[in-house]
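Coordinates as given in data07.csv (CSV, C-alpha atoms):
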chain,number,residue,atom,x,y,z
L,845,MET,CA,-41.0,-73.1,-18.2
L,846,ASN,CA,-38.7,-76.1,-18.2
L,847,ASN,CA,-35.9,-76.4,-15.7
L,848,ILE,CA,-32.5,-77.9,-16.3
L,849,THR,CA,-29.8,-78.8,-13.9
L,850,LEU,CA,-26.5,-79.6,-15.4
L,851,LYS,CA,-23.6,-81.1,-13.6
L,852,VAL,CA,-20.2,-81.7,-15.2
L,853,ARG,CA,-17.5,-83.6,-13.4
L,854,GLY,CA,-13.8,-83.6,-14.1
L,855,ALA,CA,-14.0,-81.3,-17.1
L,856,PRO,CA,-10.7,-79.8,-18.2
L,857,LYS,CA,-9.9,-76.3,-17.1
L,858,ASN,CA,-11.2,-73.5,-19.3
L,859,SER,CA,-13.8,-75.8,-21.0
L,860,LEU,CA,-16.5,-73.8,-22.7
L,861,ILE,CA,-20.0,-74.9,-22.1
L,862,PHE,CA,-22.8,-73.7,-24.4
L,863,LEU,CA,-26.5,-74.3,-23.7
L,864,ASP,CA,-28.8,-73.4,-26.6
L,865,ASP,CA,-25.7,-71.8,-28.3
L,866,LYS,CA,-25.3,-69.5,-25.4
L,867,LEU,CA,-22.1,-69.4,-23.4
L,868,ILE,CA,-23.0,-70.1,-19.8
L,869,LYS,CA,-21.1,-69.0,-16.7
L,870,ILE,CA,-20.9,-72.1,-14.7
L,871,LYS,CA,-20.0,-72.3,-11.0
L,872,LYS,CA,-18.2,-74.9,-9.1
L,873,ASP,CA,-19.7,-76.7,-6.1
L,874,SER,CA,-17.8,-77.7,-3.0
L,875,PHE,CA,-16.6,-80.9,-4.8
L,876,SER,CA,-15.2,-78.9,-7.8
L,877,ASN,CA,-18.0,-80.1,-10.0
L,878,LYS,CA,-19.4,-77.6,-12.5
L,879,MET,CA,-23.0,-76.9,-11.7
L,880,PHE,CA,-25.6,-74.9,-13.6
L,881,LYS,CA,-29.3,-74.4,-13.0
L,882,GLY,CA,-31.4,-72.8,-15.7
L,883,GLN,CA,-34.8,-72.5,-17.2
L,884,THR,CA,-36.2,-72.0,-20.7
L,885,SER,CA,-39.5,-72.0,-22.5
L,886,LYS,CA,-38.0,-74.4,-25.2
L,887,ASN,CA,-38.7,-78.1,-25.2
L,888,GLU,CA,-35.3,-79.0,-26.8
L,889,ILE,CA,-32.0,-77.3,-26.5
L,890,SER,CA,-28.5,-78.1,-27.6
L,891,LEU,CA,-25.5,-78.7,-25.3
L,892,LYS,CA,-22.0,-78.0,-26.5
L,893,ILE,CA,-18.8,-78.4,-24.6
L,894,TYR,CA,-15.5,-77.4,-26.1
L,895,LYS,CA,-12.0,-77.4,-24.8
L,896,VAL,CA,-9.6,-75.7,-27.1
L,897,GLN,CA,-5.8,-75.7,-26.6
L,898,GLU,CA,-4.7,-72.1,-26.2
L,899,LEU,CA,-1.2,-73.0,-27.5
L,900,THR,CA,-2.6,-73.7,-30.9
L,901,LEU,CA,-4.5,-70.4,-31.2
L,902,LYS,CA,-3.4,-67.3,-33.0
L,903,ASN,CA,-0.6,-65.2,-31.3
L,904,TRP,CA,-0.2,-67.9,-28.7
L,905,TRP,CA,3.4,-66.9,-27.9
L,906,LEU,CA,2.4,-63.3,-27.3
L,907,TYR,CA,-0.3,-64.3,-24.8
L,908,GLU,CA,2.1,-66.8,-23.2
L,909,ILE,CA,4.7,-64.0,-22.6
L,910,LEU,CA,1.9,-61.7,-21.2
L,911,TYR,CA,0.6,-64.4,-18.9
L,912,PHE,CA,4.1,-65.2,-17.7
L,913,ILE,CA,4.9,-61.6,-16.9
L,914,LEU,CA,1.5,-60.8,-15.4
L,915,SER,CA,1.5,-63.9,-13.2
L,916,ILE,CA,5.0,-63.1,-11.8
L,917,PHE,CA,7.1,-65.6,-13.7
L,918,GLY,CA,4.3,-68.1,-13.9
L,919,LEU,CA,3.8,-68.3,-10.2
L,920,PHE,CA,0.1,-67.4,-10.3
L,921,ASP,CA,-0.5,-69.1,-13.6
L,922,TYR,CA,-3.4,-71.4,-12.7
L,923,ARG,CA,-3.8,-73.1,-16.1
L,924,ALA,CA,-3.6,-76.8,-16.5
L,925,LYS,CA,-0.2,-78.3,-17.4
L,926,THR,CA,-1.3,-81.8,-18.3
L,927,GLY,CA,-3.7,-83.6,-20.6
L,928,PHE,CA,-3.6,-81.6,-23.8
L,929,TYR,CA,-7.0,-82.7,-25.0
L,930,ASP,CA,-9.1,-81.1,-27.6
L,931,VAL,CA,-12.6,-81.9,-26.5
L,932,THR,CA,-15.8,-81.7,-28.5
L,933,TYR,CA,-19.2,-82.7,-27.1
L,934,GLU,CA,-22.4,-81.9,-28.8
L,935,ALA,CA,-25.9,-83.2,-27.9
L,936,ASN,CA,-29.5,-82.3,-28.0
L,937,ILE,CA,-31.5,-82.5,-24.8
L,938,LYS,CA,-35.3,-82.9,-24.6
L,939,LEU,CA,-36.5,-81.0,-21.7
L,940,ASN,CA,-39.1,-81.8,-19.1
L,941,ALA,CA,-40.3,-79.9,-16.1
L,942,ASP,CA,-37.2,-80.8,-14.1
L,943,THR,CA,-34.4,-82.1,-16.3
L,944,GLN,CA,-31.4,-83.5,-14.6
L,945,LEU,CA,-28.2,-84.2,-16.4
L,946,GLU,CA,-24.8,-85.3,-15.0
L,947,LEU,CA,-21.8,-85.8,-17.2
L,948,ASN,CA,-18.5,-87.3,-16.3
L,949,PHE,CA,-15.2,-86.5,-18.1
L,950,ASP,CA,-14.0,-89.8,-19.4
L,951,ARG,CA,-10.2,-90.2,-19.2
L,952,LYS,CA,-9.9,-93.8,-20.3
L,953,THR,CA,-11.8,-94.1,-23.5
L,954,GLU,CA,-11.9,-92.0,-26.7
L,955,ASN,CA,-15.2,-90.4,-25.7
L,956,ALA,CA,-15.0,-87.1,-24.0
L,957,PHE,CA,-17.9,-87.5,-21.6
L,958,THR,CA,-20.1,-90.2,-20.3
L,959,VAL,CA,-23.6,-89.6,-19.1
L,960,LYS,CA,-23.7,-90.6,-15.4
L,961,ALA,CA,-27.3,-89.8,-14.6
L,962,THR,CA,-30.2,-88.3,-16.5
L,963,ASN,CA,-34.0,-88.3,-16.5
L,964,THR,CA,-34.4,-87.2,-20.1
L,965,GLU,CA,-33.7,-88.2,-23.6
L,966,LEU,CA,-30.3,-87.3,-24.9
L,967,ASN,CA,-29.3,-87.3,-28.5
L,968,GLU,CA,-25.5,-87.3,-28.8
L,969,LYS,CA,-24.1,-85.8,-32.0
L,970,GLU,CA,-20.4,-85.7,-31.2
L,971,ASN,CA,-18.5,-87.0,-28.3
L,972,LYS,CA,-14.7,-87.1,-28.8
L,973,LYS,CA,-11.4,-86.1,-27.4
L,974,GLU,CA,-8.0,-86.3,-28.9
L,975,GLN,CA,-4.6,-85.3,-27.7
L,976,ASN,CA,-3.2,-82.2,-29.3
L,977,LEU,CA,0.4,-83.0,-30.1
L,978,LYS,CA,1.1,-79.6,-31.5
L,979,ALA,CA,0.1,-78.0,-28.1
L,980,LYS,CA,2.1,-80.6,-26.2
L,981,LYS,CA,5.3,-79.8,-28.2
L,982,ARG,CA,4.8,-76.0,-27.8
L,983,PHE,CA,4.2,-76.5,-24.1
L,984,LYS,CA,7.6,-78.2,-23.8
L,985,TRP,CA,9.2,-75.2,-25.5
L,986,THR,CA,7.4,-72.7,-23.2
L,987,ILE,CA,8.8,-74.7,-20.2
L,988,VAL,CA,12.3,-74.4,-21.5
L,989,CYS,CA,11.9,-70.6,-22.1
L,990,LYS,CA,10.4,-70.2,-18.6
L,991,VAL,CA,13.3,-72.1,-16.9
L,992,LEU,CA,15.7,-69.8,-18.8
L,993,ALA,CA,13.8,-66.7,-17.7
L,994,TRP,CA,13.9,-68.0,-14.1
L,995,ILE,CA,17.7,-68.5,-14.3
L,996,LEU,CA,18.1,-65.1,-15.8
L,997,ALA,CA,16.1,-63.6,-13.0
L,998,ALA,CA,18.1,-65.4,-10.4
L,999,VAL,CA,21.4,-64.1,-12.0
L,1000,VAL,CA,20.0,-60.5,-12.0
L,1001,VAL,CA,18.9,-60.8,-8.3
L,1002,CYS,CA,22.4,-62.1,-7.3
L,1003,LEU,CA,24.1,-59.3,-9.3
L,1004,CYS,CA,21.8,-56.7,-7.6
L,1005,LEU,CA,22.7,-58.1,-4.2
L,1006,PHE,CA,26.4,-58.4,-4.6
L,1007,ILE,CA,27.4,-55.5,-6.9
F,468,MET,CA,-28.0,-71.9,-6.5
F,469,LYS,CA,-29.4,-69.1,-8.7
F,470,VAL,CA,-31.6,-70.2,-11.6
F,471,VAL,CA,-30.6,-68.6,-14.8
F,472,ASN,CA,-33.2,-67.8,-17.5
F,473,LEU,CA,-31.6,-69.1,-20.7
F,474,ASP,CA,-34.1,-67.2,-22.9
F,475,ALA,CA,-32.8,-63.9,-21.5
F,476,ILE,CA,-29.2,-64.5,-22.4
F,477,LYS,CA,-28.3,-63.0,-25.7
F,478,THR,CA,-26.5,-65.0,-28.3
F,479,LYS,CA,-23.2,-63.5,-29.4
F,480,GLY,CA,-23.2,-64.8,-32.9
F,481,GLU,CA,-21.8,-68.1,-34.0
F,482,ILE,CA,-19.3,-70.0,-32.0
F,483,THR,CA,-16.0,-69.5,-33.9
F,484,THR,CA,-12.3,-70.1,-33.0
F,485,GLN,CA,-11.9,-66.3,-32.7
F,486,SER,CA,-14.8,-65.9,-30.2
F,487,VAL,CA,-13.4,-68.9,-28.2
F,488,GLN,CA,-9.9,-67.3,-28.2
F,489,LYS,CA,-11.4,-64.0,-27.1
F,490,TYR,CA,-13.2,-65.6,-24.2
F,491,LEU,CA,-10.2,-67.7,-23.2
F,492,VAL,CA,-7.8,-64.7,-23.2
F,493,TYR,CA,-10.3,-62.6,-21.2
F,494,ASN,CA,-10.9,-65.4,-18.7
F,495,ASN,CA,-7.2,-66.2,-18.2
F,496,PHE,CA,-6.3,-62.5,-17.7
F,497,LEU,CA,-9.1,-62.1,-15.2
F,498,ASN,CA,-8.2,-65.2,-13.3
F,499,ILE,CA,-4.5,-64.3,-13.1
F,500,LEU,CA,-5.3,-60.7,-12.0
F,501,PHE,CA,-7.7,-62.1,-9.4
F,502,SER,CA,-5.0,-64.5,-8.1
F,503,LEU,CA,-2.4,-61.6,-8.1
F,504,LEU,CA,-4.8,-59.2,-6.3
F,505,THR,CA,-5.6,-61.8,-3.6
F,506,ALA,CA,-1.9,-62.6,-3.1
F,507,ILE,CA,-1.0,-58.9,-2.9
F,508,THR,CA,-3.8,-58.3,-0.3
F,509,VAL,CA,-2.7,-61.2,1.8
F,510,PHE,CA,0.9,-60.2,1.5
F,511,SER,CA,0.1,-56.6,2.6
F,512,ILE,CA,-1.9,-57.9,5.5
F,513,VAL,CA,0.9,-60.3,6.6
F,514,VAL,CA,3.6,-57.7,6.1
F,515,VAL,CA,1.8,-55.1,8.1
F,516,PHE,CA,1.0,-57.6,10.8
F,517,SER,CA,4.7,-58.8,10.9
F,518,TYR,CA,6.0,-55.2,11.1
F,519,PHE,CA,3.4,-54.5,13.8
F,520,VAL,CA,4.9,-57.5,15.7
F,521,VAL,CA,8.4,-56.1,15.2
F,522,ALA,CA,7.3,-52.7,16.2
F,523,LEU,CA,5.6,-54.2,19.3
F,524,ILE,CA,8.8,-56.0,20.2
F,525,SER,CA,10.8,-52.8,19.7
F,526,PHE,CA,8.3,-50.9,21.8
F,527,VAL,CA,8.5,-53.4,24.6
F,528,LEU,CA,12.3,-53.2,24.5
F,529,ALA,CA,12.2,-49.5,24.5
F,530,LEU,CA,9.8,-49.5,27.4
F,531,PHE,CA,12.1,-52.0,29.2
F,532,LEU,CA,15.0,-49.7,28.5
F,533,PHE,CA,13.0,-46.7,29.8
F,534,ILE,CA,11.9,-48.4,32.9
F,535,GLY,CA,15.4,-49.8,33.5
F,536,LEU,CA,16.9,-46.4,33.1
F,537,LEU,CA,14.3,-44.8,35.3
F,538,ILE,CA,14.9,-47.3,38.0
F,539,ILE,CA,18.7,-46.9,37.7
F,540,THR,CA,18.4,-43.1,37.7
F,541,LEU,CA,16.1,-43.1,40.7
F,542,ALA,CA,18.3,-45.6,42.5
F,543,THR,CA,21.4,-43.5,41.7
F,544,LEU,CA,19.7,-40.4,42.9
F,545,GLY,CA,18.6,-42.2,46.0
F,546,ILE,CA,22.0,-43.5,46.7
F,547,VAL,CA,23.7,-40.1,46.0
F,548,TYR,CA,21.1,-38.4,48.2
F,549,LEU,CA,21.5,-40.9,51.0
F,550,THR,CA,25.3,-40.9,51.0
F,551,THR,CA,26.0,-37.2,50.4
F,552,ASP,CA,26.2,-36.5,54.1
F,553,ILE,CA,28.7,-39.3,54.7
F,554,GLY,CA,30.8,-38.0,51.8
F,555,LYS,CA,31.5,-41.4,50.2
F,556,ALA,CA,28.8,-41.3,47.5
F,557,TRP,CA,31.0,-41.4,44.5
F,558,GLY,CA,32.7,-44.5,45.7
F,559,TRP,CA,29.3,-46.2,45.8
F,560,PHE,CA,28.3,-44.8,42.5
F,561,ASP,CA,31.1,-46.2,40.3
F,562,PRO,CA,30.1,-49.8,40.4
F,563,LEU,CA,26.5,-48.8,39.6
F,564,MET,CA,27.7,-47.0,36.5
F,565,GLU,CA,29.6,-50.1,35.4
F,566,ARG,CA,26.4,-52.1,35.8
F,567,THR,CA,24.5,-49.5,33.8
F,568,GLN,CA,27.0,-49.8,31.0
F,569,ALA,CA,26.7,-53.6,31.0
F,570,PHE,CA,22.9,-53.2,30.8
F,571,TYR,CA,23.4,-50.9,27.8
F,572,GLN,CA,25.6,-53.5,26.2
F,573,VAL,CA,22.9,-56.2,26.6
F,574,LEU,CA,20.3,-53.8,25.1
F,575,ASP,CA,22.7,-53.1,22.2
F,576,LYS,CA,23.0,-56.8,21.5
F,577,ILE,CA,19.2,-57.1,21.5
F,578,TYR,CA,18.9,-54.3,19.0
F,579,HIS,CA,21.5,-55.9,16.7
F,580,VAL,CA,19.2,-59.0,16.5
F,581,LEU,CA,16.2,-56.9,15.3
F,582,PRO,CA,17.3,-56.8,11.6
F,583,TYR,CA,17.4,-60.6,11.7
F,584,LEU,CA,14.0,-60.6,13.2
F,585,ASP,CA,12.9,-58.5,10.2
F,586,ILE,CA,14.3,-61.0,7.8
F,587,ALA,CA,12.6,-63.8,9.7
F,588,CYS,CA,9.3,-61.9,9.5
F,589,ILE,CA,9.6,-61.4,5.8
F,590,ALA,CA,10.5,-65.0,5.3
F,591,LEU,CA,7.4,-65.9,7.4
F,592,CYS,CA,5.3,-63.7,5.2
F,593,VAL,CA,6.6,-65.4,2.1
F,594,VAL,CA,6.0,-68.8,3.5
F,595,SER,CA,2.4,-67.8,4.5
F,596,ILE,CA,1.8,-66.6,1.0
F,597,VAL,CA,3.2,-69.7,-0.5
F,598,LEU,CA,1.0,-71.8,1.7
F,599,PHE,CA,-2.0,-69.6,0.8
F,600,ALA,CA,-1.1,-69.9,-2.9
F,601,LYS,CA,-0.9,-73.7,-2.6
F,602,ASN,CA,-4.3,-74.0,-0.9
F,603,LYS,CA,-6.3,-71.3,-2.6
F,604,LEU,CA,-4.6,-70.7,-6.0
F,605,CYS,CA,-3.8,-74.3,-6.9
F,606,ILE,CA,-0.1,-73.8,-7.3
F,607,SER,CA,1.7,-77.1,-7.8
F,608,LYS,CA,4.1,-78.7,-5.4
F,609,THR,CA,7.0,-78.5,-7.8
F,610,LYS,CA,6.6,-74.7,-7.9
F,611,ILE,CA,6.5,-74.6,-4.1
F,612,VAL,CA,9.8,-76.5,-3.9
F,613,TRP,CA,11.5,-74.3,-6.5
F,614,LEU,CA,10.2,-71.1,-4.8
F,615,SER,CA,11.3,-72.4,-1.4
F,616,ILE,CA,14.8,-73.1,-2.8
F,617,PHE,CA,14.9,-69.6,-4.4
F,618,LEU,CA,13.8,-68.0,-1.1
F,619,VAL,CA,16.3,-69.9,1.0
F,620,VAL,CA,19.1,-68.7,-1.4
F,621,LEU,CA,17.7,-65.2,-1.3
F,622,VAL,CA,17.5,-65.1,2.5
F,623,ALA,CA,21.0,-66.6,2.7
F,624,CYS,CA,22.3,-64.0,0.4
F,625,ALA,CA,20.6,-61.2,2.4
F,626,ILE,CA,22.1,-62.5,5.7
F,627,PHE,CA,25.5,-62.9,4.1
F,628,ALA,CA,25.3,-59.3,2.7
F,629,PHE,CA,24.2,-58.1,6.1
F,630,LEU,CA,27.0,-59.9,7.9
F,631,SER,CA,29.7,-58.8,5.4
F,632,GLN,CA,28.5,-55.2,5.7
F,633,GLY,CA,28.7,-55.5,9.5
F,634,GLY,CA,32.1,-57.1,9.3
F,635,SER,CA,33.6,-54.3,7.2
F,636,LYS,CA,32.5,-51.7,9.8
Could you write out this file's structure as structure tokens?
Amino acid sequence: MNNITLKVRGAPKNSLIFLDDKLIKIKKDSFSNKMFKGQTSKNEISLKIYKVQELTLKNWWLYEILYFILSIFGLFDYRAKTGFYDVTYEANIKLNADTQLELNFDRKTENAFTVKATNTELNEKENKKEQNLKAKKRFKWTIVCKVLAWILAAVVVCLCLFI
Amino acid sequence: MKVVNLDAIKTKGEITTQSVQKYLVYNNFLNILFSLLTAITVFSIVVVFSYFVVALISFVLALFLFIGLLIITLATLGIVYLTTDIGKAWGWFDPLMERTQAFYQVLDKIYHVLPYLDIACIALCVVSIVLFAKNKLCISKTKIVWLSIFLVVLVACAIFAFLSQGGSK
């Protein structure tokens, strides 16, 4: 069995990480780094990291309304409000008995991730990030709608108190 | 950290936009629900605790009132008993009654403050929750500021409504 320890730093919220085409549930350590420890019988596996903008997906407005209501007017909405990046990272990793891989999210260059430390051979296929302008535009509209909803709620509360 | 066996995880077909969306929606709902549930739990605990404090203050005041009345009654009875033979008891008793009434008035004033104490406790609860939300649920500073303004306005409205109601009486 080959072991793999994956550490991803600064990845955008709701990034999806696939190892060997399997979605892995990754946990955060005390420094908010995403950590994963796994083992497999294979000698080479694929690593895929995707970040998709939810505002560009199907029925986005419906989900936005539902999130807004459910999170009590967006108060408990934990999702990221900045950096509307579409991230794609694909690479093949050759495994050894104890493979260590540490990736850093790169905010300055066009590349999505940079390899900070590894003790194995890494074959990068795709490593890019680009800002999603459509999502950014839609986000501005959702902000306007949310502010209007807040004002409406304040008016309703005031009316309930005084009438 | 637990070591996961990758071979044991089943592949759920190809990675498509639909499967990604499904996962994101599920994940978001789960996270929001978890945040909400945590906040509700903390809110309930803080509210119960605050009301417990208010109840405790009320209890202490009631106890104070009871002990005060007991002392006054005993003192009155004692005075009446001691002065019956002389026949001037009621002359001594009147100033005591006045003092008792004054004591009642003080207590009345204290009880009138209690609703404000309630409002303060609720505001304290909300502030605690906001602080908790900021630290644990990653709520931004802007939201905290807006929420604080909203709460201040709300509390001001509540106090104003309370005062105007009292004034009309």
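Separating atom CA of L:Asp930 from atom CA of L:Thr964 is a distance of 27.1 Å.
Proximity to F:Phe496 at 12 Å, evaluated using all atoms listed in the file and with sequence-adjacent residues fewer than 3 positions away removed, yields L:Tyr907, L:Glu908, L:Leu910, L:Tyr911, L:Phe912, L:Ile913, L:Leu914, L:Ser915, L:Phe920, L:Asp921, L:Tyr922, L:Arg923, F:Lys489, F:Tyr490, F:Leu491, F:Val492, F:Tyr493, F:Ile499, F:Leu500, F:Phe501, F:Ser502, F:Leu503, F:Leu504.
Selection around (-17.8, -75.3, -10.2) with radius 12 Å, counting all atoms listed in the file, yields the residues Leu850, Lys851, Val852, Arg853, Gly854, Ala855, Pro856, Lys857, Asn858, Ser859, Lys869, Ile870, Lys871, Lys872, Asp873, Ser874, Phe875, Ser876, Asn877, Lys878, Met879, Phe880 and Lys881 of chain L; Met468 of chain F.
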- line: One decimal place gives the atom CA of L:Ile1007-atom CA of L:Ala993 separation as 20.7 Å
Spatial neighbours of L:Thr953, 12 Å, only C-alpha atoms, chain gap at least 3 places, as JSON, numbers by chain: {"L": [948, 949, 950, 956, 957, 958, 971, 972, 973, 974]}
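Between chain L and the candidates F:Leu497, F:Leu536, F:Val470, F:Val527, the tightest atom-to-atom separation, counting all atoms listed in the file, involves F:Val470.
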field: F:Gln572, F:Ser511, F:Asn494, F:Thr505 ranked by distance to F:Leu532, top pick (using all atoms listed in the file)
entry: F:Gln572
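Counting from atom CA of L:Val988, the distance to atom CA of L:Val896 is 22.6 Å.
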- prompt: Near L:Gln897, within 12 Å and counting only C-alpha atoms, which residues show up once chain neighbours fewer than 4 positions away are dropped, as a PyMOL selection string?
  reply: (chain L and resi 856-860+901-902+904+923-932+973-983) or (chain F and resi 484+487-488+491-492)
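Candidate residues L:Thr986, L:Asn936, L:Asn963, L:Gln944 were compared for distance to L:Ile889, and the nearest is L:Asn936, using all atoms listed in the file.
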message: Can you pull out the residues contacting F:Lys477? Cut-off 12 Å, using all atoms listed in the file, and skip same-chain residues under 4 positions away; I want them as a list of chain:residue names.
response: L:Leu863, L:Asp864, L:Asp865, L:Lys866, L:Leu867, L:Ile868, F:Asn472, F:Leu473, F:Glu481
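Comparing L:Asn846, L:Asn955, L:Gln883, L:Asn967 by their smallest distance to chain F, the closest is L:Gln883 (using all atoms listed in the file).
Closest approach to chain L among F:Leu530, F:Ile476, F:Ile539, F:Ala569 is made by F:Ile476 (distances from only C-alpha atoms).
Nearest residue to chain F, choosing from L:Gly882, L:Glu888, L:Ala998, L:Ile861 and counting all atoms listed in the file: L:Gly882.
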